[in-house]
file target.txt (compact mmCIF, C-alpha atoms)
# COMPACT_ATOMS: atom_id res chain seq x y z
CA MET A 1 -16.68 148.52 100.96
CA LEU A 2 -19.25 149.27 98.27
CA TYR A 3 -18.20 152.91 98.14
CA GLY A 4 -14.54 151.92 97.85
CA ILE A 5 -15.25 149.76 94.80
CA THR A 6 -17.48 152.45 93.27
CA ALA A 7 -14.93 155.22 93.91
CA ALA A 8 -12.04 153.20 92.49
CA THR A 9 -14.01 152.30 89.38
CA ALA A 10 -15.11 155.91 88.89
CA ALA A 11 -11.57 157.24 89.30
CA LEU A 12 -10.18 154.68 86.87
CA LEU A 13 -12.75 155.33 84.14
CA LEU A 14 -12.74 159.10 84.65
CA THR A 15 -8.95 159.32 84.39
CA ALA A 16 -8.81 157.16 81.28
CA THR A 17 -11.53 159.24 79.62
CA LEU A 18 -9.99 162.57 80.58
CA ALA A 19 -6.55 161.45 79.41
CA ALA A 20 -7.94 160.48 76.00
CA LEU A 21 -9.80 163.80 75.68
CA LEU A 22 -6.76 165.82 76.75
CA ARG A 23 -4.59 164.00 74.25
CA SER A 24 -7.01 164.79 71.44
CA LEU A 25 -7.27 168.41 72.57
CA SER A 26 -3.51 168.80 72.84
CA LEU A 27 -2.91 167.43 69.37
CA ARG A 28 -5.61 169.65 67.92
CA LEU A 29 -4.10 172.76 69.49
CA GLY A 30 -0.76 172.28 67.88
CA PRO A 31 1.84 169.95 69.46
CA ALA A 32 2.08 168.02 66.21
CA ASP A 33 3.69 171.01 64.51
CA GLY A 34 5.77 172.20 67.45
CA THR A 35 3.41 174.85 68.79
CA GLY A 36 0.57 175.01 71.28
CA LEU A 37 0.38 172.65 74.26
CA PRO A 38 3.56 170.85 75.39
CA ASP A 39 4.51 167.39 74.21
CA ARG A 40 7.20 164.80 74.75
CA ARG A 41 8.77 163.52 71.54
CA ALA A 42 10.45 160.18 71.20
CA LYS A 43 14.02 160.15 69.98
CA PRO A 44 14.16 159.20 66.27
CA ARG A 45 15.31 155.62 65.66
CA ALA A 46 17.03 156.53 62.38
CA PRO A 47 18.79 159.68 61.19
CA ALA A 48 16.06 160.40 58.69
CA PRO A 49 14.62 163.93 58.63
CA THR A 50 11.21 162.78 59.90
CA ARG A 51 9.21 164.25 62.77
CA PRO A 52 8.96 162.02 65.87
CA ARG A 53 5.66 160.87 67.32
CA PRO A 54 4.11 163.58 69.52
CA VAL A 55 3.33 162.61 73.13
CA PRO A 56 1.36 165.33 74.97
CA LEU A 57 2.29 166.11 78.57
CA LEU A 58 -1.16 166.78 79.99
CA GLY A 59 -1.88 163.34 81.47
CA GLY A 60 -1.24 164.66 84.96
CA VAL A 61 -4.27 166.93 84.66
CA ALA A 62 -6.44 163.82 84.27
CA VAL A 63 -4.83 162.08 87.27
CA ALA A 64 -5.03 165.08 89.61
CA GLY A 65 -8.50 166.10 88.43
CA ALA A 66 -10.02 162.64 88.79
CA THR A 67 -8.42 162.09 92.22
CA ALA A 68 -9.66 165.44 93.51
CA LEU A 69 -13.15 165.06 92.04
CA VAL A 70 -13.76 161.55 93.38
CA GLY A 71 -12.13 162.29 96.74
CA TRP A 72 -14.11 165.46 97.34
CA ALA A 73 -17.32 163.78 96.11
CA GLY A 74 -16.94 161.12 98.79
CA ASN A 75 -16.26 163.76 101.41
CA TRP A 76 -19.19 165.95 100.31
CA THR A 77 -21.70 163.09 100.26
CA GLY A 78 -20.44 161.74 103.57
CA ALA A 79 -19.88 158.28 102.07
CA ALA A 80 -16.13 158.49 102.78
CA PRO A 81 -15.17 161.60 104.78
CA LEU A 82 -11.55 162.48 104.16
CA GLY A 83 -11.01 164.18 107.49
CA ALA A 84 -8.88 167.23 108.19
CA ASP A 85 -5.51 165.60 107.51
CA ALA A 86 -6.39 163.89 104.23
CA GLY A 87 -8.34 166.95 103.05
CA ARG A 88 -5.37 169.23 103.74
CA LEU A 89 -3.09 166.75 101.99
CA LEU A 90 -5.30 166.67 98.90
CA ALA A 91 -5.55 170.47 98.76
CA ALA A 92 -1.76 170.78 98.97
CA GLY A 93 -1.39 168.10 96.31
CA ILE A 94 -3.65 170.04 93.94
CA ALA A 95 -1.54 173.16 94.52
CA VAL A 96 1.59 171.16 93.66
CA ALA A 97 -0.14 169.79 90.55
CA LEU A 98 -0.98 173.32 89.41
CA LEU A 99 2.66 174.30 89.90
CA GLY A 100 3.70 171.30 87.82
CA LEU A 101 1.21 172.25 85.11
CA ALA A 102 2.70 175.74 85.01
CA ALA A 103 6.15 174.14 84.62
CA ASP A 104 4.81 172.05 81.72
CA LEU A 105 3.41 175.09 79.95
CA LEU A 106 6.05 177.68 80.85
CA PRO A 107 9.83 177.67 81.46
CA VAL A 108 9.61 177.51 85.27
CA PRO A 109 13.04 176.95 86.90
CA PRO A 110 13.42 173.67 88.84
CA VAL A 111 14.28 175.59 92.01
CA VAL A 112 10.85 177.24 91.92
CA CYS A 113 9.16 173.84 91.72
CA GLY A 114 11.28 172.59 94.61
CA ALA A 115 10.44 175.62 96.71
CA GLY A 116 6.73 175.19 95.99
CA VAL A 117 6.83 171.54 97.02
CA ALA A 118 8.67 172.51 100.21
CA VAL A 119 5.99 175.04 101.13
CA ALA A 120 3.23 172.51 100.48
CA ALA A 121 5.08 169.93 102.56
CA ALA A 122 5.49 172.36 105.45
CA LEU A 123 1.73 172.89 105.46
CA THR A 124 1.00 169.16 105.74
CA VAL A 125 3.74 167.80 108.00
CA PRO A 126 2.40 167.17 111.55
CA PHE A 127 4.94 169.21 113.53
CA ASP A 128 2.93 168.62 116.72
CA ASP A 129 3.68 164.89 116.54
CA LEU A 130 7.19 165.06 115.11
CA GLY A 131 8.64 168.19 116.69
CA LEU A 132 10.48 170.92 114.86
CA PRO A 133 13.79 169.13 114.00
CA ALA A 134 12.13 165.91 112.84
CA GLY A 135 9.43 167.92 111.05
CA ALA A 136 12.05 169.89 109.13
CA LEU A 137 13.72 166.62 108.11
CA ALA A 138 10.31 165.30 107.02
CA VAL A 139 9.79 168.36 104.81
CA ALA A 140 13.19 167.82 103.17
CA TRP A 141 12.42 164.12 102.72
CA ILE A 142 9.08 164.88 101.05
CA VAL A 143 10.81 167.26 98.62
CA LEU A 144 13.44 164.65 97.75
CA VAL A 145 10.94 161.83 97.24
CA THR A 146 8.68 164.07 95.16
CA GLN A 147 11.59 164.99 92.91
CA ALA A 148 12.55 161.30 92.71
CA PHE A 149 9.06 160.48 91.39
CA ARG A 150 9.39 163.41 89.01
CA SER A 151 12.62 161.86 87.78
CA LEU A 152 10.84 158.54 87.12
CA ASP A 153 8.87 160.23 84.33
CA HIS A 154 11.66 159.74 81.81
CA ALA A 155 10.14 156.70 80.12
CA ASP A 156 6.63 155.59 79.27
CA GLY A 157 4.66 154.06 82.14
CA VAL A 158 7.43 153.93 84.77
CA MET A 159 6.10 156.58 87.14
CA GLY A 160 2.54 155.31 86.81
CA THR A 161 3.49 151.69 87.50
CA VAL A 162 5.57 152.49 90.56
CA GLY A 163 2.94 154.97 91.78
CA VAL A 164 0.08 152.45 91.54
CA ILE A 165 1.92 149.82 93.57
CA THR A 166 3.12 152.33 96.17
CA ALA A 167 -0.34 153.86 96.55
CA PHE A 168 -2.03 150.49 97.05
CA ALA A 169 0.52 149.38 99.66
CA LEU A 170 0.39 152.73 101.45
CA SER A 171 -3.41 152.56 101.49
CA GLY A 172 -3.12 149.31 103.41
CA CYS A 173 -0.67 150.95 105.84
CA ALA A 174 -3.11 153.82 106.42
CA ALA A 175 -6.00 151.40 106.96
CA ALA A 176 -3.90 149.49 109.52
CA GLN A 177 -3.43 152.78 111.40
CA LEU A 178 -7.21 153.40 111.28
CA MET A 179 -6.75 156.42 108.99
CA ASP A 180 -9.78 155.63 106.85
CA GLY A 181 -9.91 158.99 105.06
CA LEU A 182 -6.27 158.79 104.00
CA ALA A 183 -6.68 155.14 102.99
CA ALA A 184 -9.63 156.07 100.77
CA LEU A 185 -7.70 158.94 99.17
CA LEU A 186 -4.72 156.70 98.40
CA SER A 187 -7.02 154.04 96.92
CA VAL A 188 -8.54 156.65 94.63
CA LEU A 189 -5.05 157.81 93.61
CA ALA A 190 -4.04 154.23 92.82
CA ALA A 191 -7.17 153.77 90.70
CA ALA A 192 -6.56 157.07 88.90
CA LEU A 193 -2.97 156.08 88.07
CA THR A 194 -4.26 152.72 86.82
CA GLY A 195 -6.69 154.53 84.54
CA PHE A 196 -3.86 156.73 83.30
CA LEU A 197 -1.80 153.66 82.40
CA MET A 198 -4.53 152.71 79.93
CA GLN A 199 -3.22 155.67 77.90
CA GLY A 200 0.34 155.82 79.26
CA TRP A 201 1.44 152.21 78.77
CA PRO A 202 4.24 152.03 76.19
CA PRO A 203 4.06 153.20 73.54
CA ALA A 204 2.42 156.02 75.49
CA ARG A 205 -0.20 158.21 73.86
CA ILE A 206 0.04 160.79 76.66
CA ALA A 207 2.56 161.44 79.45
CA PRO A 208 1.93 162.66 83.03
CA GLY A 209 4.38 165.55 82.79
CA ARG A 210 5.47 167.52 85.83
CA CYS A 211 1.83 168.00 86.79
CA GLY A 212 1.15 164.28 87.26
CA SER A 213 4.54 163.18 88.56
CA LEU A 214 4.79 165.96 91.15
CA PHE A 215 1.18 165.40 92.23
CA ALA A 216 1.58 161.64 92.69
CA GLY A 217 5.02 161.91 94.27
CA PHE A 218 3.92 164.59 96.73
CA LEU A 219 0.76 162.76 97.81
CA LEU A 220 2.66 159.51 98.35
CA ALA A 221 5.59 161.10 100.19
CA ALA A 222 3.39 163.26 102.42
CA ALA A 223 1.09 160.31 103.14
CA VAL A 224 4.08 158.21 104.20
CA VAL A 225 5.03 160.89 106.73
CA ARG A 226 1.46 161.23 107.97
CA VAL A 227 0.98 157.47 108.43
CA HIS A 228 4.18 157.02 110.45
CA ALA A 229 4.20 160.31 112.37
CA GLU A 230 2.68 158.87 115.55
CA GLY A 231 4.43 155.49 115.56
CA PRO A 232 7.86 154.33 116.78
CA ALA A 233 10.75 155.86 114.90
CA GLY A 234 12.53 152.62 113.93
CA PRO A 235 9.69 150.76 112.20
CA GLY A 236 8.40 154.02 110.73
CA LEU A 237 11.71 154.88 109.10
CA GLY A 238 12.15 151.33 107.81
CA ALA A 239 8.66 151.20 106.31
CA ALA A 240 8.98 154.69 104.80
CA PHE A 241 12.24 153.77 103.09
CA ALA A 242 10.86 150.49 101.76
CA LEU A 243 7.68 152.06 100.39
CA THR A 244 9.66 154.55 98.27
CA ALA A 245 12.68 152.34 97.53
CA VAL A 246 12.43 152.18 93.74
CA ALA A 247 12.20 155.95 93.27
CA GLY A 248 14.99 156.37 95.82
CA ALA A 249 17.18 153.76 94.12
CA ASP A 250 16.82 155.49 90.74
CA ALA A 251 17.67 158.87 92.30
CA VAL A 252 20.72 157.48 94.13
CA LEU A 253 21.88 155.69 90.98
CA VAL A 254 21.69 158.87 88.92
CA LEU A 255 23.41 160.92 91.63
CA VAL A 256 26.30 158.49 92.05
CA SER A 257 26.73 157.92 88.32
CA ARG A 258 26.75 161.61 87.40
CA ARG A 259 29.00 162.64 90.26
CA ARG A 260 31.51 159.97 89.28
CA ALA A 261 31.35 160.90 85.58
CA GLY A 262 31.48 164.64 86.26
CA TRP A 263 28.16 165.37 84.55
CA PRO A 264 25.74 168.11 85.66
CA LEU A 265 23.21 166.67 88.11
CA LEU A 266 20.18 168.38 86.56
CA ARG A 267 21.02 167.76 82.91
CA PRO A 268 18.96 164.96 81.27
CA ALA A 269 21.06 161.92 80.43
CA PRO A 270 20.40 158.22 79.64
CA ASP A 271 21.75 156.97 82.98
CA HIS A 272 18.54 156.06 84.82
CA LEU A 273 17.71 152.55 85.93
CA VAL A 274 15.31 152.09 83.01
CA HIS A 275 17.98 153.10 80.48
CA ARG A 276 20.40 150.54 81.90
CA LEU A 277 17.78 147.80 81.78
CA ARG A 278 17.05 148.67 78.14
CA ARG A 279 20.75 148.47 77.30
CA ALA A 280 20.78 145.06 79.00
CA GLY A 281 18.35 143.83 76.35
CA LEU A 282 14.91 144.22 77.95
CA THR A 283 11.97 145.56 75.98
CA ARG A 284 10.00 148.57 77.20
CA GLN A 285 7.29 146.27 78.52
CA GLY A 286 9.90 144.02 80.12
CA VAL A 287 11.44 147.00 81.87
CA LEU A 288 8.06 147.90 83.35
CA VAL A 289 7.56 144.33 84.56
CA VAL A 290 10.95 144.31 86.28
CA THR A 291 10.42 147.77 87.76
CA GLY A 292 6.93 146.83 88.93
CA LEU A 293 8.18 143.62 90.58
CA ALA A 294 10.90 145.56 92.38
CA ALA A 295 8.37 148.14 93.57
CA PHE A 296 6.00 145.38 94.69
CA ALA A 297 8.72 143.58 96.65
CA ALA A 298 9.91 146.74 98.40
CA ALA A 299 6.40 148.04 99.11
CA SER A 300 5.39 144.63 100.48
CA VAL A 301 8.23 144.85 102.99
CA GLY A 302 7.02 148.27 104.09
CA LEU A 303 3.42 147.06 104.39
CA CYS A 304 4.46 143.99 106.40
CA ILE A 305 6.48 146.19 108.78
CA ASP A 306 3.44 148.41 109.35
CA LEU A 307 1.19 145.40 109.89
CA GLY A 308 3.65 143.94 112.43
CA TRP A 309 4.38 140.87 110.37
CA LEU A 310 8.04 141.83 109.98
CA GLY A 311 10.41 143.70 112.22
CA ALA A 312 12.08 146.96 111.30
CA GLY A 313 15.26 145.03 110.50
CA ALA A 314 13.61 143.67 107.35
CA ALA A 315 14.13 147.09 105.79
CA TRP A 316 17.88 146.43 105.73
CA TRP A 317 17.29 144.00 102.86
CA VAL A 318 15.82 146.88 100.89
CA VAL A 319 18.69 149.13 101.93
CA GLY A 320 21.13 146.50 100.68
CA ALA A 321 19.36 146.31 97.32
CA VAL A 322 19.47 150.10 96.91
CA ALA A 323 23.15 150.12 97.89
CA ALA A 324 23.88 147.42 95.30
CA VAL A 325 22.19 149.53 92.62
CA ALA A 326 24.29 152.54 93.68
CA VAL A 327 27.51 150.51 93.56
CA ALA A 328 26.60 149.23 90.10
CA GLY A 329 26.11 152.82 89.00
CA ALA A 330 29.48 153.79 90.43
CA LEU A 331 31.24 150.96 88.63
CA ARG A 332 29.45 151.47 85.33
CA PRO A 333 28.37 155.06 84.60
CA GLY A 334 25.58 155.76 82.16
CA THR A 335 26.15 156.51 78.50
CA ARG A 336 27.05 160.10 77.78
CA PRO A 337 24.27 161.85 75.84
CA ARG A 338 24.87 161.86 72.13
CA ARG A 339 24.71 164.96 70.02
CA ALA A 340 21.64 165.37 67.89
CA HIS A 341 21.95 164.16 64.30
CA PRO A 342 22.39 167.09 61.90
CA HIS A 343 19.25 166.07 59.97
CA ALA A 344 17.05 165.56 63.04
CA ILE A 345 14.06 167.83 63.58
CA PRO A 346 15.14 170.41 66.20
CA ALA A 347 13.34 170.73 69.51
CA PRO A 348 11.28 173.87 70.23
CA GLY A 349 13.56 176.53 71.61
CA GLY A 350 16.74 174.80 70.42
CA PRO A 351 19.19 175.83 67.70
CA VAL A 352 18.40 175.00 64.09
CA PRO A 353 21.23 172.92 62.54
CA ARG A 354 23.05 174.61 59.67
CA SER A 355 22.65 171.45 57.62
CA LEU A 356 18.95 172.30 57.22
CA GLY A 357 19.94 175.29 55.10
CA ARG A 358 19.00 177.98 57.63
CA PRO A 359 21.15 180.07 59.96
CA GLY A 360 21.93 178.44 63.29
CA ARG A 361 19.99 180.97 65.34
CA PRO A 362 17.87 179.79 68.28
CA ARG A 363 14.22 179.26 67.47
CA PRO A 364 11.58 181.17 69.42
CA GLU A 365 10.58 179.53 72.68
CA ALA A 366 7.50 177.35 72.53
CA PRO A 367 5.48 176.40 75.61
CA GLY A 368 6.53 173.23 77.38
CA ALA A 369 9.65 171.12 77.23
CA VAL A 370 10.87 168.27 75.10
CA LYS A 371 11.63 165.12 77.06
CA VAL A 372 14.39 162.70 76.18
CA HIS A 373 13.58 159.02 76.36
call {"tool": "encode", "arguments": {"input": "target.txt", "output": "structure tokens"}}
result
Amino acid sequence: MLYGITAATAALLLTATLAALLRSLSLRLGPADGTGLPDRRAKPRAPAPTRPRPVPLLGGVAVAGATALVGWAGNWTGAAPLGADAGRLLAAGIAVALLGLAADLLPVPPVVCGAGVAVAAALTVPFDDLGLPAGALAVAWIVLVTQAFRSLDHADGVMGTVGVITAFALSGCAAAQLMDGLAALLSVLAAALTGFLMQGWPPARIAPGRCGSLFAGFLLAAAVVRVHAEGPAGPGLGAAFALTAVAGADAVLVLVSRRRAGWPLLRPAPDHLVHRLRRAGLTRQGVLVVTGLAAFAAASVGLCIDLGWLGAGAAWWVVGAVAAVAVAGALRPGTRPRRAHPHAIPAPGGPVPRSLGRPGRPRPEAPGAVKVH
């Protein structure tokens, strides 16, 4: 108990400190003038030719680094041994985080990130317990959930808020299954994401980027599979769906909305759940409160199923909520992305508008990507 409190406190403070240092380093190395380390820039509120506020993308390095450092410190000292399964899961998560960091710094195609996550998932899925067909489905499910968490990083604080709640609930599920090492690792991850939110709460001063979102999504998805691999299929599937319902609902909403509108599935557009809540009149903080309450409600259902307090049928309430979100997306597609204002500062790698008095040739590629809020 004492180690758990100490580890959580250390992970929280270490992540917050590292995030602040990485933000300062990133701004010093050049994101403020469009060069150097990657950054996410907020969309200008007015068509004035002013430069948006830079938001560096290196917050995921703090989350992954603090989780790995505290987790391996507990395993090395013997205070909280991770065990073979949790240790393998953490090692694969670090590999996924490094792949995400490369995607933040370089133009890595999305298919490469997906393939890397699939390989990491195949190395962690317990095929001995699930069998080959179910194990292959588990690998595909981990890839989808990881990408869904990656998709949540389109607005300040959303991925971190959902990740904290999911990690805490999943830690309780692992503890109920007597998987102490995995429960400790998930508690450390939850504390690290909480520390990140000290810098990532809107208006965010640093964003998790692909490094943080892929790392958190992969650890959570793979842990869900590991926790429920040896249990009955019905309750396991119901709890797994409930624990990741918010990320799944956002992914289904985007898929249905873009398919109906005929938009490319991988092209950024303001049709996520958060965008719709903002258009409904909620503030950025209000959106996080609503999203957090939804994640808490769904994760509580999954935890109660694992603890035996609810039957597997309780997951149908969560399924109904996700279906309602998908139907709402089908009836009301998202807003089509607007063209950039001719006087707006161009993104790195994009064309320079002719209204700025220069030829409309593409600018040289700069490391990283520009995110659209």
call {"tool": "residues_around", "arguments": {"input": "target.txt", "residues": "Pro235 in chain A", "least_positions_apart": "3", "cutoff": "10 Å", "atoms": "only C-alpha atoms", "output": "ChimeraX atom specification"}}
result
/A:228,231-232,238-241,302,305-306,308,310-315
call {"tool": "closest_residue", "arguments": {"input": "target.txt", "among": "A:Ala91, A:Met159, A:Ala229, A:Ala183", "to": "Gly131 in chain A", "atoms": "all atoms listed in the file"}}
result
A:Ala229
call {"tool": "residues_around", "arguments": {"input": "target.txt", "residues": "range 112-121 of chain A", "least_positions_apart": "2", "cutoff": "8 Å", "atoms": "only C-alpha atoms", "output": "ChimeraX atom specification"}}
result
/A:92-93,95-96,99-100,103,108-110,123-125,139-140,142-143,146-147,218,222
call {"tool": "residues_around", "arguments": {"input": "target.txt", "residues": "Ala297 in chain A", "least_positions_apart": "5", "cutoff": "12 Å", "atoms": "all atoms listed in the file", "output": "list in words"}}
result
Val162, Ile165, Thr166, Ala169, Ala242, Leu243, Thr244, Ala245, Val246, Val290, Thr291, Gly292, Gly302, Leu303, Cys304, Ala314, Ala315, Trp317, Val318 and Ala321 of chain A
call {"tool": "write_last_selection", "arguments": {"input": "target.txt", "atoms": "C-alpha atoms", "output": "PDB file, keeping the file's coordinate frame"}}
result
ATOM      1  CA  VAL A 162       5.570 152.490  90.560  1.00  0.00           C
ATOM      2  CA  ILE A 165       1.920 149.820  93.570  1.00  0.00           C
ATOM      3  CA  THR A 166       3.120 152.330  96.170  1.00  0.00           C
ATOM      4  CA  ALA A 169       0.520 149.380  99.660  1.00  0.00           C
ATOM      5  CA  ALA A 242      10.860 150.490 101.760  1.00  0.00           C
ATOM      6  CA  LEU A 243       7.680 152.060 100.390  1.00  0.00           C
ATOM      7  CA  THR A 244       9.660 154.550  98.270  1.00  0.00           C
ATOM      8  CA  ALA A 245      12.680 152.340  97.530  1.00  0.00           C
ATOM      9  CA  VAL A 246      12.430 152.180  93.740  1.00  0.00           C
ATOM     10  CA  VAL A 290      10.950 144.310  86.280  1.00  0.00           C
ATOM     11  CA  THR A 291      10.420 147.770  87.760  1.00  0.00           C
ATOM     12  CA  GLY A 292       6.930 146.830  88.930  1.00  0.00           C
ATOM     13  CA  GLY A 302       7.020 148.270 104.090  1.00  0.00           C
ATOM     14  CA  LEU A 303       3.420 147.060 104.390  1.00  0.00           C
ATOM     15  CA  CYS A 304       4.460 143.990 106.400  1.00  0.00           C
ATOM     16  CA  ALA A 314      13.610 143.670 107.350  1.00  0.00           C
ATOM     17  CA  ALA A 315      14.130 147.090 105.790  1.00  0.00           C
ATOM     18  CA  TRP A 317      17.290 144.000 102.860  1.00  0.00           C
ATOM     19  CA  VAL A 318      15.820 146.880 100.890  1.00  0.00           C
ATOM     20  CA  ALA A 321      19.360 146.310  97.320  1.00  0.00           C
TER      21      ALA A 321
END
call {"tool": "residues_near_point", "arguments": {"input": "target.txt", "point": "(6.7, 167.7, 85.2)", "cutoff": "10 Å", "atoms": "all atoms listed in the file", "output": "NGL selection string"}}
result
:A and (57-58 or 60 or 97 or 99-105 or 110 or 113 or 147 or 149-151 or 153-154 or 207-215 or 368-369 or 371)
call {"tool": "closest_residue", "arguments": {"input": "target.txt", "among": "A:Glu230, A:Asp180, A:Asp156, A:Asp128", "to": "Met198 in chain A", "atoms": "all atoms listed in the file"}}
result
A:Asp156
call {"tool": "atom_distance", "arguments": {"input": "target.txt", "atom1": "CA of Gly200 in chain A", "atom2": "CA of Gly157 in chain A"}}
result
5.5 Å
call {"tool": "closest_residue", "arguments": {"input": "target.txt", "among": "A:Gly329, A:Gly236, A:Pro56, A:Pro202", "to": "Val287 in chain A", "atoms": "only C-alpha atoms"}}
result
A:Pro202
call {"tool": "residues_around", "arguments": {"input": "target.txt", "residues": "Phe168 in chain A", "least_positions_apart": "5", "cutoff": "12 Å", "atoms": "only C-alpha atoms", "output": "number ranges by chain"}}
result
A: 8, 161-163, 173-175, 182-194, 220, 223, 243, 295-296, 299-300, 302-303
call {"tool": "closest_residue", "arguments": {"input": "target.txt", "among": "A:Ala11, A:Val55, A:Leu98, A:Ala19", "to": "Gly74 in chain A", "atoms": "all atoms listed in the file"}}
result
A:Ala11
call {"tool": "closest_residue", "arguments": {"input": "target.txt", "among": "A:Val289, A:Ile206, A:Leu13, A:Leu197", "to": "Leu25 in chain A", "atoms": "all atoms listed in the file"}}
result
A:Ile206
